[in-house]
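Only one structure is covered here, and it is reproduced in the block below.
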Amino acid sequence: MFLTDIAILLVCGGCAGFLAGLLGIGGGMILVPFMIIVFNHQGFSQDIIVHMAIATGMTTILFTSLSAIRAHHRHGSIDWKLVAGFTPGIIVGSFLGGSELFEAFNTGWLSLFFAVFIVYTSIQM
């Protein structure tokens, strides 16, 4: 990996982390489109690029989430009872979406679903 590639990744990662922590949005909304471009540039197969970008984005969420949780907990802005109520459904939904349906969607459908989700989320904000 070239030094310029590393610098670009650091800047994009910093922007995604900043926006995720500030606005509570998933860093994946910012990183996934960028990673699609990067993986395409690196010559990965078009059949797996979107899957790779989403999976890589999900991995980065671990770091942005832990940092944001710590900061928001310190300010008392997390309703832990509400979190506990959501958790069982999130676990089941994550399993179904993350392993079952994710593998079933081809790149075209996954790209369309992601794009519609981003547009819908943008309108809601």
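Convention: chains lettered A, B, ... in structure tokens order; per-chain residue numbering from 1; ligands numbered from 1 as shown.
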Who sits within 12 Å of range 83-97 of chain A, only C-alpha atoms, same chain under 6 positions skipped, as a list of chain:residue names: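 Neighbouring residues, sequence-local ones excluded: A:Ile54, A:Ala55, A:Met58, A:Ile69, A:Ser77, A:Glu103, A:Ala104, A:Phe105, A:Leu110.
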If you run DSSP on the backbone, which residues of range 23-115 of chain A are helix (DSSP H, G or I), as a PyMOL selection string? chain A and resi 23+28-41+49-74+80-104+107-115
What does the structure give for the distance between CA of Phe2 in chain A and CA of Gln42 in chain A, in Å to one decimal?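 CA of Gln42 in chain A lies at a distance of 11.9 Å from CA of Phe2 in chain A.
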Shortest interatomic distance to Leu31 in chain A - which of A:Thr4, A:Gln46, A:Thr59, A:Ser122, counting only C-alpha atoms: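 Of the candidates, the smallest distance to Leu31 in chain A is held by A:Thr59.
For Gly13 in chain A, the list of residues within 9 Å, based on only C-alpha atoms and with local chain neighbours fewer than 2 positions off taken out, reads Ile8, Leu9, Leu10, Val11, Cys15, Ala16, Gly17, Phe18, Gly27, Ile30, Leu31 and Thr60 of chain A.
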Write out as a ChimeraX atom specification each polymer residue whose atoms come within 10 Å of Ser111 in chain A, counting only C-alpha atoms; drop sequence neighbours fewer than 2 positions from it. /A:33,49-51,54,105-109,113-117
Okay, now the selection with C-alpha atoms, as a PDB file, in the first residue's frame?
```pdb
ATOM      1  CA  PRO A  33     -19.220   4.059  -0.760  1.00  0.00           C
ATOM      2  CA  ILE A  49     -16.896  -5.534  -3.895  1.00  0.00           C
ATOM      3  CA  VAL A  50     -20.139  -4.402  -2.241  1.00  0.00           C
ATOM      4  CA  HIS A  51     -20.120  -7.372   0.131  1.00  0.00           C
ATOM      5  CA  ILE A  54     -20.196  -3.577   3.851  1.00  0.00           C
ATOM      6  CA  PHE A 105     -28.249 -10.903  -1.985  1.00  0.00           C
ATOM      7  CA  ASN A 106     -26.189 -10.485  -5.124  1.00  0.00           C
ATOM      8  CA  THR A 107     -24.145  -7.321  -5.582  1.00  0.00           C
ATOM      9  CA  GLY A 108     -26.823  -5.528  -7.612  1.00  0.00           C
ATOM     10  CA  TRP A 109     -29.572  -6.019  -5.027  1.00  0.00           C
ATOM     11  CA  PHE A 113     -30.802  -1.744  -0.944  1.00  0.00           C
ATOM     12  CA  PHE A 114     -27.863   0.241   0.459  1.00  0.00           C
ATOM     13  CA  ALA A 115     -28.578   3.215  -1.827  1.00  0.00           C
ATOM     14  CA  VAL A 116     -32.290   3.291  -0.930  1.00  0.00           C
ATOM     15  CA  PHE A 117     -31.411   3.055   2.763  1.00  0.00           C
TER      16      PHE A 117
END
```
Go through A:Met29, A:Leu82, A:Ala68, A:Leu3 and flag the residue nearest Thr56 in chain A, using only C-alpha atoms for the distances.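 Closest residue, counting only C-alpha atoms: A:Met29.
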Looking at only C-alpha atoms, which of A:Asp5, A:Leu22, A:Phe102, A:Leu112 is the one that sits closest to Phe39 in chain A?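 Nearest to Phe39 in chain A: A:Asp5.
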